[in-house]
file model.cif (mmCIF, C-alpha atoms)
data_target
loop_
_atom_site.label_atom_id
_atom_site.label_comp_id
_atom_site.auth_asym_id
_atom_site.auth_seq_id
_atom_site.Cartn_x
_atom_site.Cartn_y
_atom_site.Cartn_z
CA MET R 206 -99.69 6.52 18.90
CA LYS R 207 -98.34 6.43 15.34
CA GLN R 208 -100.76 9.18 14.33
CA LYS R 209 -99.65 11.32 17.24
CA LEU R 210 -96.00 10.79 16.30
CA ASN R 211 -96.68 11.68 12.66
CA LYS R 212 -98.52 14.82 13.76
CA TYR R 213 -95.59 15.79 15.97
CA LEU R 214 -93.05 15.12 13.21
CA PHE R 215 -95.12 17.22 10.81
CA ARG R 216 -95.11 20.13 13.27
CA VAL R 217 -91.35 19.87 13.88
CA SER R 218 -90.60 19.50 10.17
CA ALA R 219 -91.99 23.01 9.62
CA HIS R 220 -88.81 24.27 11.29
CA LEU R 221 -86.44 22.18 9.17
CA PRO R 222 -84.63 23.66 6.15
CA LYS R 223 -86.67 23.38 2.96
CA SER R 224 -84.15 23.88 0.17
CA GLU R 225 -80.70 22.41 -0.43
CA GLU R 226 -79.28 25.89 0.10
CA GLU R 227 -80.92 26.16 3.56
CA TYR R 228 -79.84 22.63 4.44
CA PHE R 229 -76.26 23.40 3.46
CA ASP R 230 -76.34 26.60 5.49
CA LEU R 231 -77.63 24.76 8.58
CA SER R 232 -74.78 22.24 8.24
CA LEU R 233 -72.25 25.09 8.10
CA ILE R 234 -73.62 26.57 11.32
CA MET R 235 -73.48 23.14 12.97
CA THR R 236 -69.88 22.71 11.75
CA LEU R 237 -68.87 25.98 13.40
CA LEU R 238 -70.69 25.02 16.60
CA MET R 239 -68.85 21.70 16.52
CA PHE R 240 -65.48 23.46 16.10
CA LEU R 241 -66.30 25.69 19.07
CA TYR R 242 -67.15 22.62 21.13
CA VAL R 243 -64.26 20.34 20.24
CA ILE R 244 -61.25 22.34 19.02
CA ASN R 245 -59.74 23.48 22.30
CA ASP R 246 -56.54 21.44 22.65
CA ILE R 247 -54.18 24.36 23.10
CA PRO R 248 -54.69 27.94 24.37
CA LEU R 249 -54.19 29.40 20.87
CA TYR R 250 -57.30 27.56 19.63
CA SER R 251 -59.44 29.12 22.33
CA VAL R 252 -58.61 32.49 20.77
CA ILE R 253 -58.59 31.73 17.05
CA ILE R 254 -61.46 29.22 16.77
CA PRO R 255 -64.07 31.43 18.52
CA LEU R 256 -62.96 34.35 16.32
CA PHE R 257 -63.66 32.28 13.21
CA SER R 258 -66.72 30.49 14.54
CA PHE R 259 -68.57 33.45 16.06
CA SER R 260 -68.19 35.53 12.93
CA GLY R 261 -69.31 32.61 10.76
CA ILE R 262 -72.31 31.75 12.94
CA LEU R 263 -73.49 35.36 13.14
CA PHE R 264 -73.04 36.36 9.49
CA LYS R 265 -74.31 34.22 6.62
CA SER R 266 -72.14 35.99 4.03
CA ILE R 267 -69.03 35.04 6.02
CA ARG R 268 -69.93 31.36 6.47
CA GLN R 269 -70.87 31.08 2.78
CA SER R 270 -67.52 32.53 1.70
CA ILE R 271 -65.01 30.10 0.21
CA LEU R 272 -62.14 32.28 1.49
CA PHE R 273 -63.38 31.86 5.07
CA TRP R 274 -63.26 28.05 4.77
CA VAL R 275 -59.93 28.06 2.92
CA LEU R 276 -58.41 30.04 5.83
CA MET R 277 -59.96 27.62 8.31
CA LEU R 278 -58.66 24.68 6.26
CA MET R 279 -55.13 26.13 6.25
CA TYR R 280 -55.30 26.60 10.00
CA LEU R 281 -56.58 23.06 10.71
CA SER R 282 -54.19 21.50 8.18
CA TYR R 283 -51.17 23.16 9.74
CA PHE R 284 -52.01 22.35 13.37
CA TYR R 285 -53.48 18.90 12.82
CA VAL R 286 -52.46 17.33 9.52
CA ILE R 287 -48.93 18.68 9.01
CA SER R 288 -47.96 18.50 12.71
CA GLY R 289 -49.56 15.09 13.16
CA THR R 290 -46.35 13.08 13.48
CA SER R 291 -44.80 15.49 15.99
CA VAL R 292 -47.62 16.32 18.35
CA TYR R 293 -50.49 14.31 19.80
CA VAL R 294 -53.29 14.50 17.23
CA PRO R 295 -56.07 11.90 17.44
CA ASN R 296 -57.47 10.71 14.11
CA HIS R 297 -60.76 12.57 14.35
CA LYS R 298 -58.83 15.88 14.33
CA TYR R 299 -57.57 15.02 10.86
CA LEU R 300 -61.18 14.45 9.91
CA TYR R 301 -62.06 18.04 10.83
CA ALA R 302 -59.58 19.20 8.20
CA PHE R 303 -60.89 16.67 5.65
CA PHE R 304 -64.48 17.71 6.29
CA ASN R 305 -63.45 21.34 5.95
CA LEU R 306 -61.99 20.38 2.56
CA ILE R 307 -65.39 18.93 1.57
CA ILE R 308 -66.98 22.28 2.42
CA VAL R 309 -64.39 24.12 0.29
CA ILE R 310 -64.98 21.70 -2.61
CA SER R 311 -68.76 22.12 -2.32
CA LEU R 312 -68.55 25.93 -2.26
CA TYR R 313 -66.33 25.76 -5.35
CA ALA R 314 -68.76 23.34 -7.05
CA LYS R 315 -71.66 25.63 -6.14
CA LYS R 316 -70.25 28.27 -8.48
CA LYS R 317 -69.74 25.77 -11.31
CA THR R 318 -72.60 23.27 -11.34
CA SER R 319 -76.20 22.77 -10.27
CA ASP R 320 -75.21 19.35 -8.86
CA TRP R 321 -73.13 20.93 -6.10
CA PHE R 322 -75.30 19.66 -3.25
CA GLU R 323 -75.03 16.10 -4.58
CA ILE R 324 -71.23 16.49 -4.42
CA TYR R 325 -71.50 17.72 -0.81
CA LYS R 326 -73.81 14.90 0.21
CA ILE R 327 -71.92 12.07 -1.51
CA SER R 328 -68.57 13.37 -0.20
CA ALA R 329 -69.95 13.21 3.37
CA GLN R 330 -71.34 9.73 2.69
CA TYR R 331 -68.00 8.47 1.31
CA MET R 332 -66.14 10.05 4.20
CA ILE R 333 -68.17 7.99 6.69
CA GLY R 334 -67.70 4.91 4.49
CA PHE R 335 -63.94 5.36 4.23
CA VAL R 336 -63.44 6.08 7.94
CA PHE R 337 -65.00 2.73 8.76
CA LEU R 338 -63.48 0.86 5.82
CA LEU R 339 -59.96 1.92 6.83
CA ALA R 340 -60.72 1.27 10.51
CA THR R 341 -61.90 -2.26 9.64
CA ILE R 342 -58.84 -3.02 7.49
CA GLY R 343 -56.69 -1.60 10.31
CA LYS R 344 -58.19 -4.09 12.74
CA PHE R 345 -57.22 -7.00 10.49
CA LEU R 346 -53.64 -5.66 10.63
CA ALA R 347 -53.60 -5.97 14.44
CA PRO R 348 -53.26 -9.60 15.65
CA GLU R 349 -53.94 -8.52 19.25
CA PHE R 350 -57.32 -7.18 18.14
CA LEU R 351 -58.27 -10.40 16.37
CA ASN R 352 -57.35 -12.63 19.32
CA GLY R 353 -59.32 -10.44 21.74
CA SER R 354 -56.38 -9.30 23.87
CA PHE R 355 -56.78 -5.63 22.86
CA PHE R 356 -60.22 -5.50 24.44
CA GLU R 357 -59.12 -7.63 27.42
CA PHE R 358 -56.45 -5.01 28.12
CA THR R 359 -58.78 -2.08 27.45
CA LEU R 360 -61.53 -3.43 29.71
CA LEU R 361 -59.02 -3.61 32.57
CA THR R 362 -57.08 -0.37 32.06
CA ASP R 363 -59.34 2.21 30.38
CA PRO R 364 -61.59 3.83 33.01
CA ARG R 365 -64.16 4.69 30.34
CA PHE R 366 -64.88 0.94 30.11
CA PHE R 367 -64.90 0.24 33.86
CA GLY R 368 -68.67 0.66 34.24
CA PHE R 369 -69.18 -1.90 31.48
CA THR R 370 -66.46 -4.30 32.75
CA SER R 371 -67.83 -4.14 36.24
CA LEU R 372 -71.42 -4.73 35.12
CA VAL R 373 -70.82 -7.53 32.60
CA GLY R 374 -67.73 -9.08 34.20
CA ASN R 375 -69.11 -9.05 37.73
CA ILE R 376 -65.98 -7.47 39.21
CA ASP R 377 -65.97 -4.55 41.62
CA ASP R 378 -64.89 -1.09 40.48
CA ALA R 379 -62.33 -0.85 43.29
CA SER R 380 -60.24 -3.75 41.90
CA LEU R 381 -60.25 -2.14 38.48
CA PHE R 382 -59.15 1.22 39.88
CA ILE R 383 -56.36 -0.44 41.89
CA GLY R 384 -55.06 -1.98 38.65
CA LEU R 385 -55.33 1.38 36.91
CA ASP R 386 -53.40 3.09 39.71
CA GLU R 387 -50.62 0.51 39.48
CA PHE R 388 -50.53 0.90 35.71
CA SER R 389 -50.31 4.71 36.04
CA ASN R 390 -47.52 4.38 38.61
CA MET R 391 -45.67 2.02 36.27
CA GLN R 392 -45.80 4.63 33.51
CA SER R 393 -44.29 7.30 35.74
CA SER R 394 -41.78 4.98 37.39
CA ASN R 395 -38.02 5.05 36.73
CA ASP R 396 -38.02 1.25 36.83
CA ILE R 397 -38.08 0.05 33.26
CA ASN R 398 -38.53 -3.54 34.45
CA ALA R 399 -41.68 -2.78 36.45
CA VAL R 400 -44.65 -5.10 35.85
CA VAL R 401 -48.31 -4.87 36.78
CA GLN R 402 -50.45 -7.90 37.54
CA LEU R 403 -54.10 -7.14 36.84
CA GLN R 404 -57.15 -8.74 38.43
CA SER R 405 -59.62 -9.89 35.85
CA PRO R 406 -63.16 -11.22 35.61
CA THR R 407 -63.46 -14.94 34.79
CA ASN R 408 -65.17 -14.23 31.47
CA LEU R 409 -62.55 -11.69 30.32
CA GLN R 410 -61.36 -13.72 27.35
CA SER R 411 -64.83 -14.33 25.94
CA LEU R 412 -65.76 -10.67 26.55
CA GLY R 413 -62.63 -9.55 24.67
CA LEU R 414 -63.39 -11.81 21.73
CA PHE R 415 -67.05 -10.82 21.60
CA LEU R 416 -66.23 -7.09 21.61
CA SER R 417 -63.55 -7.56 18.93
CA TYR R 418 -65.83 -9.36 16.50
CA TRP R 419 -68.81 -7.14 17.27
CA THR R 420 -66.62 -4.10 16.48
CA ILE R 421 -65.44 -5.61 13.19
CA PHE R 422 -69.01 -6.54 12.27
CA ILE R 423 -70.56 -3.14 13.03
CA GLU R 424 -67.72 -1.09 11.51
CA ALA R 425 -67.62 -3.21 8.34
CA SER R 426 -71.41 -2.91 8.08
CA ILE R 427 -71.21 0.88 8.24
CA ALA R 428 -68.44 0.88 5.62
CA ILE R 429 -70.42 -1.30 3.21
CA THR R 430 -73.77 0.44 3.64
CA PHE R 431 -72.25 3.90 3.18
CA LEU R 432 -70.12 2.94 0.19
CA VAL R 433 -72.96 1.40 -1.84
CA LYS R 434 -75.81 3.41 -3.33
CA TYR R 435 -78.76 4.16 -1.07
CA ASN R 436 -81.30 2.41 -3.29
CA THR R 437 -79.57 -0.98 -3.02
CA PHE R 438 -80.90 -3.57 -0.55
CA ILE R 439 -78.20 -3.00 2.09
CA GLY R 440 -77.75 0.73 1.39
CA LYS R 441 -81.23 1.43 2.79
CA TYR R 442 -80.13 0.23 6.23
CA ARG R 443 -77.15 2.58 6.55
CA ASN R 444 -78.74 4.97 9.06
CA TRP R 445 -80.00 2.12 11.22
CA VAL R 446 -76.53 0.54 11.29
CA LEU R 447 -74.95 3.88 12.18
CA LEU R 448 -77.52 4.42 14.92
CA VAL R 449 -76.75 0.98 16.43
CA PHE R 450 -73.03 1.87 16.34
CA ILE R 451 -73.62 5.21 18.08
CA ILE R 452 -75.88 3.72 20.76
CA THR R 453 -73.60 0.75 21.49
CA THR R 454 -70.27 2.57 21.28
CA TYR R 455 -70.46 6.09 22.64
CA PRO R 456 -71.98 5.52 26.07
CA ILE R 457 -68.79 3.44 26.67
CA ALA R 458 -65.99 4.76 24.45
CA THR R 459 -66.73 8.43 24.85
CA VAL R 460 -64.88 10.05 21.94
CA TYR R 461 -67.02 13.20 21.70
CA GLY R 462 -65.01 14.80 18.92
CA PHE R 463 -65.54 11.86 16.58
CA ALA R 464 -69.16 11.21 17.58
CA ILE R 465 -70.30 14.76 16.87
CA LEU R 466 -68.61 14.84 13.45
CA LEU R 467 -70.09 11.46 12.55
CA ILE R 468 -73.59 12.69 13.40
CA LEU R 469 -73.10 15.86 11.38
CA LEU R 470 -71.88 13.87 8.36
CA ALA R 471 -74.83 11.49 8.70
CA LEU R 472 -77.24 14.44 8.82
CA ILE R 473 -75.82 15.77 5.54
CA THR R 474 -76.37 12.40 3.84
CA VAL R 475 -80.07 12.04 4.74
CA SER R 476 -81.46 14.76 2.50
CA ASN R 477 -83.20 12.30 0.13
CA VAL R 478 -83.65 9.03 1.97
CA ASN R 479 -86.86 7.28 3.06
CA ASN R 480 -88.25 8.88 6.23
CA LYS R 481 -85.95 11.83 5.59
CA ILE R 482 -87.65 14.08 8.16
CA THR R 483 -87.46 11.46 10.93
CA TRP R 484 -83.73 10.93 10.34
CA GLN R 485 -83.06 14.66 10.12
CA ILE R 486 -84.81 15.32 13.42
CA LEU R 487 -83.14 12.32 15.04
CA PHE R 488 -79.61 13.31 13.99
CA ILE R 489 -80.17 16.93 15.04
CA ILE R 490 -81.39 15.75 18.45
CA ILE R 491 -78.38 13.42 18.85
CA PHE R 492 -76.07 16.28 17.80
CA ILE R 493 -77.53 18.41 20.60
CA LEU R 494 -77.35 15.53 23.10
CA VAL R 495 -73.68 14.62 22.46
CA PRO R 496 -72.46 16.30 25.71
CA LEU R 497 -74.61 13.75 27.59
CA MET R 498 -71.99 11.17 26.64
CA ARG R 499 -70.02 12.36 29.64
CA PHE R 500 -72.73 10.94 31.88
CA PRO R 501 -71.65 7.69 33.64
CA PHE R 502 -74.56 5.53 32.39
CA PHE R 503 -73.08 2.17 33.39
CA SER R 504 -72.22 3.30 36.91
CA LEU R 505 -75.77 4.55 37.31
CA LEU R 506 -77.17 1.28 35.96
CA LYS R 507 -75.01 -0.68 38.38
CA MET R 508 -76.19 1.48 41.29
CA LEU R 509 -79.82 0.79 40.36
CA MET R 510 -79.28 -3.00 40.14
CA MET K 90 -67.10 17.82 -11.59
CA LYS K 91 -68.66 14.75 -9.92
CA ARG K 92 -65.17 13.26 -9.54
CA LEU K 93 -64.62 15.79 -6.74
CA VAL K 94 -66.41 13.34 -4.43
CA PHE K 95 -63.32 11.10 -4.59
CA VAL K 96 -60.87 13.76 -3.39
CA VAL K 97 -61.32 13.14 0.35
CA PRO K 98 -61.43 9.30 0.11
CA LEU K 99 -58.21 9.45 -1.91
CA ILE K 100 -56.49 11.66 0.69
CA MET K 101 -57.73 9.40 3.49
CA SER K 102 -56.34 6.32 1.71
CA LEU K 103 -52.96 8.04 1.30
CA PHE K 104 -52.85 8.79 5.04
CA PHE K 105 -53.78 5.16 5.76
CA VAL K 106 -50.88 3.88 3.63
CA ARG K 107 -48.56 6.45 5.21
CA ASN K 108 -49.67 5.27 8.65
CA ILE K 109 -48.74 1.66 7.83
CA TYR K 110 -45.36 2.76 6.44
CA PHE K 111 -44.52 4.97 9.45
CA HIS K 112 -45.72 2.31 11.87
CA GLN K 113 -43.67 -0.46 10.28
CA ILE K 114 -40.51 1.54 9.54
CA HIS K 115 -40.40 4.26 12.21
CA ASN K 116 -42.42 2.73 15.08
CA MET K 117 -45.08 5.41 14.83
CA ASP K 118 -48.03 4.75 17.12
CA SER K 119 -50.59 3.10 14.84
CA TRP K 120 -53.39 5.19 16.45
CA MET K 121 -51.73 8.38 15.18
CA GLY K 122 -51.08 9.95 11.78
CA GLY K 123 -54.66 10.07 10.49
CA GLY K 124 -54.67 6.42 9.43
CA MET K 125 -57.98 5.60 11.16
CA ARG K 126 -56.34 2.67 12.97
CA MET K 127 -57.56 3.70 16.42
CA PHE K 128 -58.86 1.08 18.87
CA GLY K 129 -56.78 -1.68 17.31
CA LYS K 130 -53.45 -2.01 19.07
CA ILE K 131 -52.55 -1.92 22.75
CA ASP K 132 -49.44 0.16 22.07
CA LYS K 133 -50.37 3.82 21.93
CA THR K 134 -48.66 7.17 22.47
CA LEU K 135 -50.23 7.81 25.86
CA TYR K 136 -48.79 4.57 27.26
CA ARG K 137 -45.29 4.97 25.80
CA VAL K 138 -42.44 6.01 28.04
CA VAL K 139 -39.35 8.00 27.06
CA SER K 140 -36.40 7.40 29.37
CA LEU K 141 -32.85 8.61 29.66
CA LYS K 142 -30.59 5.60 30.14
CA ILE K 143 -27.35 6.63 31.80
CA ILE K 144 -24.34 4.29 31.89
CA SER K 145 -21.56 5.37 34.23
CA ASN K 146 -17.83 4.75 33.72
CA GLU K 147 -18.19 1.86 36.17
CA GLY K 148 -20.98 0.29 34.13
CA LYS K 149 -23.83 1.27 36.47
CA VAL K 150 -27.11 1.73 34.57
CA THR K 151 -29.70 4.28 35.68
CA PHE K 152 -33.04 5.03 34.01
CA VAL K 153 -34.79 8.37 34.40
CA ASN K 154 -38.37 8.54 33.17
CA LEU K 155 -38.53 11.70 31.05
CA ASN K 156 -42.35 11.61 30.85
CA ASN K 157 -42.24 13.11 34.36
CA LEU K 158 -40.32 16.22 33.28
CA SER K 159 -43.01 18.67 32.25
CA GLU K 160 -40.50 21.14 30.78
CA TYR K 161 -39.66 18.56 28.08
CA GLU K 162 -43.24 17.44 27.47
CA LYS K 163 -43.28 18.70 23.88
CA GLU K 164 -40.14 16.75 22.97
CA THR K 165 -41.08 13.56 24.82
CA MET K 166 -44.59 13.58 23.36
CA SER K 167 -43.16 13.94 19.89
CA LEU K 168 -40.88 10.95 20.51
CA ARG K 169 -43.78 8.92 21.84
CA VAL K 170 -45.86 9.63 18.73
CA MET K 171 -43.05 8.71 16.31
CA PRO K 172 -39.51 8.23 17.58
CA THR K 173 -36.69 9.39 15.32
CA SER K 174 -32.96 9.82 15.94
CA LYS K 175 -33.25 13.54 15.17
CA LYS K 176 -35.93 14.07 17.82
CA ALA K 177 -33.91 11.99 20.30
CA SER K 178 -30.78 13.98 19.58
CA ILE K 179 -32.57 17.33 20.15
CA LEU K 180 -34.01 16.10 23.45
CA LYS K 181 -30.67 14.69 24.59
CA SER K 182 -28.85 17.97 23.84
CA LYS K 183 -31.47 19.99 25.75
CA ILE K 184 -31.30 17.67 28.74
CA MET K 185 -27.50 17.48 28.85
CA SER K 186 -27.18 21.25 28.64
CA ASN K 187 -29.55 21.65 31.63
CA PHE K 188 -28.29 18.54 33.44
CA ASP K 189 -27.25 20.28 36.65
CA GLU K 190 -30.58 22.05 37.01
CA ILE K 191 -32.75 18.94 36.74
CA GLU K 192 -33.75 17.62 40.16
CA GLU K 193 -34.12 14.01 38.93
CA PHE K 194 -30.38 13.90 38.15
CA ASP K 195 -29.23 15.03 41.62
CA MET K 196 -27.72 11.61 42.39
CA ILE K 197 -25.80 11.39 39.13
CA VAL K 198 -22.33 12.88 38.67
CA LYS K 199 -22.11 14.28 35.18
CA ASN K 200 -18.39 13.73 34.60
CA GLN K 201 -18.71 10.06 35.53
CA ILE K 202 -21.14 9.35 32.71
CA ASP K 203 -19.86 7.14 29.91
CA LYS K 204 -22.89 6.79 27.65
CA VAL K 205 -26.41 8.14 27.54
CA SER K 206 -29.32 6.86 25.49
CA ILE K 207 -32.79 8.05 24.81
CA VAL K 208 -34.96 4.95 25.10
CA VAL K 209 -38.58 4.73 23.97
CA SER K 210 -40.61 1.86 25.42
CA LYS K 211 -44.10 0.62 24.73
CA VAL K 212 -46.50 -1.31 26.87
CA ASN K 213 -46.74 -5.03 26.33
CA TYR K 214 -49.68 -7.08 27.60
CA ASP K 215 -49.43 -10.80 28.27
CA PRO K 216 -53.01 -12.14 28.07
CA LYS K 217 -52.09 -15.52 29.60
CA GLU K 218 -50.60 -14.02 32.77
CA ILE K 219 -52.78 -10.83 32.63
CA LEU K 220 -49.52 -8.95 33.09
CA ILE K 221 -48.35 -5.57 31.78
CA LYS K 222 -44.68 -4.84 31.18
CA PHE K 223 -42.52 -2.52 29.09
CA GLU K 224 -40.81 -3.40 25.86
CA GLU K 225 -38.05 -1.24 24.38
CA ILE K 226 -38.79 -0.12 20.83
CA CYS K 227 -35.98 2.40 20.18
CA ASN K 228 -32.63 3.12 21.75
CA TYR K 229 -30.62 6.11 20.56
CA GLU K 230 -27.24 5.72 22.22
CA THR K 231 -24.33 8.17 22.24
CA LYS K 232 -21.00 8.51 23.99
CA THR K 233 -20.84 11.67 26.07
CA GLN K 234 -17.30 12.60 25.08
#

call {"tool": "encode", "arguments": {"input": "model.cif", "output": "structure tokens"}}
result
Amino acid sequence: MKQKLNKYLFRVSAHLPKSEEEYFDLSLIMTLLMFLYVINDIPLYSVIIPLFSFSGILFKSIRQSILFWVLMLMYLSYFYVISGTSVYVPNHKYLYAFFNLIIVISLYAKKKTSDWFEIYKISAQYMIGFVFLLATIGKFLAPEFLNGSFFEFTLLTDPRFFGFTSLVGNIDDASLFIGLDEFSNMQSSNDINAVVQLQSPTNLQSLGLFLSYWTIFIEASIAITFLVKYNTFIGKYRNWVLLVFIITTYPIATVYGFAILLILLALITVSNVNNKITWQILFIIIFILVPLMRFPFFSLLKMLM
Amino acid sequence: MKRLVFVVPLIMSLFFVRNIYFHQIHNMDSWMGGGMRMFGKIDKTLYRVVSLKIISNEGKVTFVNLNNLSEYEKETMSLRVMPTSKKASILKSKIMSNFDEIEEFDMIVKNQIDKVSIVVSKVNYDPKEILIKFEEICNYETKTQ
């Protein structure tokens, strides 16, 4: 079995980029594909982003041009970073601009030093580390997260979690959707004193606490493993920890835009780790499979039980 | 040259500090502003409600949920992300100048209005009672005259 797998990996690895230059180029193509997939919030983006992305994907000289990425950075910075306190911009949209900045820095470094790819790789690694470090600190600043009530509320009002709540909490979907309907009506009501009484599973409190501390544990683990050097004892486990996070988080909390960027960043960081080829293939496969996140896994599981 | 790897972490840390400042001082939604504080607090932009609180000369109070008025979606969304008196004032002026054309105000007589406020409310969850209610976070009040 192991021999067969190794043989298969060897065959697939023939199609992987060989040099740092090729690896960098592949990541640029994947970045443009990601932008095409996720930057579509307003009609203007559906005109501008394909113009940028198609030309970059089709022509290597364009995607390797620092001017191209500076223009893209200006565009993303204006619409996401600068406008971020006036319009609805989720955090991962800021990250697109920050990642674009890493590309600009790396293209600049490429002209100045032979270590440019190391700068690209470590920047991506630190970006993952800092996302999770700040997210973990942020959770300690939210008392309702630490006492479990954030997840109690989310399990009962966020339909993305209903499959999970229904399966683990032994409560029927219909009750959850009734609560959601009442909550939606409350938000559109003119009655500022309206209240909604939710129905909850008996184990809601323990579920909320478990999810809170699991989240802190897994996010802090990603932060630590990505912020230390790879050749330390814990650094070697960074891709495993990230994989556990992806598998346990995204089938429930389906934030496609963040998941796809996270996978791309992880792919950039695995150019010189143990089992490099396995991780490269795995992250490329997950990158391709991201749209599957829309599939209602928990509902299907519940139907089969 | 290797110090370039710290550029993005430094920028991210600045946005994190800015997020805490805006959240504490200006009631910005902690999920917003690039601070990476998503999935932490119950209060978030999408659950916030912007209302017009109308007080008549006789003291009668009426609330109109402005989230329902799609023509003001840009302004209400901006207030929900981070409420400021300037944003509230712009929205109030726009609404008052189109008052007669807005269906939701059909029952309200404009010249009998004493005060109007733009009120931003957040969702509050009581884990003991498993109850959701609104809590006012900002109230920008002005006399109409």

call {"tool": "residues_around", "arguments": {"input": "model.cif", "residues": "Lys181 (chain K)", "least_positions_apart": "2", "cutoff": "10 Å", "atoms": "only C-alpha atoms", "output": "list in words"}}
result
Leu141, Glu164, Lys175, Lys176, Ala177, Ser178, Ile179, Lys183, Ile184, Met185, Ser186, Asn187, Phe188, Val205, Ser206, Ile207, Tyr229, Glu230 and Thr231 of chain K

call {"tool": "resolve_selection", "arguments": {"input": "model.cif", "expression": "the PyMOL selection byres ((chain R) within 7 of (chain K))", "output": "VMD selection string"}}
result
chain R and resid 289 to 296 299 303 324 327 to 328 331 to 332 335 to 336 339 to 340 343 to 344 347 349 to 350 354 to 355 392 to 403

call {"tool": "atom_distance", "arguments": {"input": "model.cif", "atom1": "CA of Phe382 (chain R)", "atom2": "CA of Thr407 (chain R)"}}
result
17.5 Å

call {"tool": "resolve_selection", "arguments": {"input": "model.cif", "expression": "the PyMOL selection byres ((chain R and resi 310) around 9)", "output": "number ranges by chain"}}
result
R: 271, 305-309, 311-315, 321, 324-325; K: 93-94, 96

call {"tool": "write_last_selection", "arguments": {"input": "model.cif", "atoms": "C-alpha atoms", "output": "tab-separated table (two decimals), in the coordinates of the input"}}
result
chain	number	residue	atom	x	y	z
R	271	ILE	CA	-65.01	30.10	0.21
R	305	ASN	CA	-63.45	21.34	5.95
R	306	LEU	CA	-61.99	20.38	2.56
R	307	ILE	CA	-65.39	18.93	1.57
R	308	ILE	CA	-66.98	22.28	2.42
R	309	VAL	CA	-64.39	24.12	0.29
R	311	SER	CA	-68.76	22.12	-2.32
R	312	LEU	CA	-68.55	25.93	-2.26
R	313	TYR	CA	-66.33	25.76	-5.35
R	314	ALA	CA	-68.76	23.34	-7.05
R	315	LYS	CA	-71.66	25.63	-6.14
R	321	TRP	CA	-73.13	20.93	-6.10
R	324	ILE	CA	-71.23	16.49	-4.42
R	325	TYR	CA	-71.50	17.72	-0.81
K	93	LEU	CA	-64.62	15.79	-6.74
K	94	VAL	CA	-66.41	13.34	-4.43
K	96	VAL	CA	-60.87	13.76	-3.39

call {"tool": "residues_around", "arguments": {"input": "model.cif", "residues": "Phe259 (chain R)", "least_positions_apart": "2", "cutoff": "12 Å", "atoms": "all atoms listed in the file", "output": "PDB file with C-alpha atoms, keeping the file's coordinate frame"}}
result
ATOM      1  CA  ILE R 234     -73.620  26.570  11.320  1.00  0.00           C
ATOM      2  CA  MET R 235     -73.480  23.140  12.970  1.00  0.00           C
ATOM      3  CA  THR R 236     -69.880  22.710  11.750  1.00  0.00           C
ATOM      4  CA  LEU R 237     -68.870  25.980  13.400  1.00  0.00           C
ATOM      5  CA  LEU R 238     -70.690  25.020  16.600  1.00  0.00           C
ATOM      6  CA  MET R 239     -68.850  21.700  16.520  1.00  0.00           C
ATOM      7  CA  PHE R 240     -65.480  23.460  16.100  1.00  0.00           C
ATOM      8  CA  LEU R 241     -66.300  25.690  19.070  1.00  0.00           C
ATOM      9  CA  SER R 251     -59.440  29.120  22.330  1.00  0.00           C
ATOM     10  CA  VAL R 252     -58.610  32.490  20.770  1.00  0.00           C
ATOM     11  CA  ILE R 253     -58.590  31.730  17.050  1.00  0.00           C
ATOM     12  CA  ILE R 254     -61.460  29.220  16.770  1.00  0.00           C
ATOM     13  CA  PRO R 255     -64.070  31.430  18.520  1.00  0.00           C
ATOM     14  CA  LEU R 256     -62.960  34.350  16.320  1.00  0.00           C
ATOM     15  CA  PHE R 257     -63.660  32.280  13.210  1.00  0.00           C
ATOM     16  CA  GLY R 261     -69.310  32.610  10.760  1.00  0.00           C
ATOM     17  CA  ILE R 262     -72.310  31.750  12.940  1.00  0.00           C
ATOM     18  CA  LEU R 263     -73.490  35.360  13.140  1.00  0.00           C
ATOM     19  CA  PHE R 264     -73.040  36.360   9.490  1.00  0.00           C
ATOM     20  CA  LYS R 265     -74.310  34.220   6.620  1.00  0.00           C
ATOM     21  CA  ILE R 267     -69.030  35.040   6.020  1.00  0.00           C
ATOM     22  CA  ARG R 268     -69.930  31.360   6.470  1.00  0.00           C
TER      23      ARG R 268
END

call {"tool": "residues_around", "arguments": {"input": "model.cif", "residues": "Phe450 (chain R)", "least_positions_apart": "6", "cutoff": "9 Å", "atoms": "all atoms listed in the file", "output": "PyMOL selection string"}}
result
chain R and resi 420+423-424+427

call {"tool": "atom_distance", "arguments": {"input": "model.cif", "atom1": "CA of Glu323 (chain R)", "atom2": "CA of Tyr442 (chain R)"}}
result
19.9 Å

call {"tool": "atom_distance", "arguments": {"input": "model.cif", "atom1": "CA of Ser232 (chain R)", "atom2": "CA of Ser218 (chain R)"}}
result
16.2 Å

call {"tool": "closest_residue", "arguments": {"input": "model.cif", "among": "R:Asn390, R:Ser260, R:Ser417, R:Gln404", "to": "Asp378 (chain R)", "atoms": "all atoms listed in the file"}}
result
R:Gln404

call {"tool": "residues_around", "arguments": {"input": "model.cif", "residues": "Asn480 (chain R)", "least_positions_apart": "3", "cutoff": "12 Å", "atoms": "only C-alpha atoms", "output": "NGL selection string"}}
result
:R and (211 or 214-215 or 218 or 441-442 or 444-445 or 475-477 or 483-487)

call {"tool": "residues_around", "arguments": {"input": "model.cif", "residues": "Lys326 (chain R)", "least_positions_apart": "4", "cutoff": "7 Å", "atoms": "only C-alpha atoms", "output": "list in words"}}
result
Phe322, Gln330, Ile473 and Thr474 of chain R

call {"tool": "resolve_selection", "arguments": {"input": "model.cif", "expression": "the PyMOL selection byres ((chain K and resi 148) around 12)", "output": "list of chain:residue names"}}
result
K:Lys142, K:Ile143, K:Ile144, K:Ser145, K:Asn146, K:Glu147, K:Lys149, K:Val150, K:Thr151, K:Gln201, K:Ile202, K:Asp203, K:Lys204, K:Val205
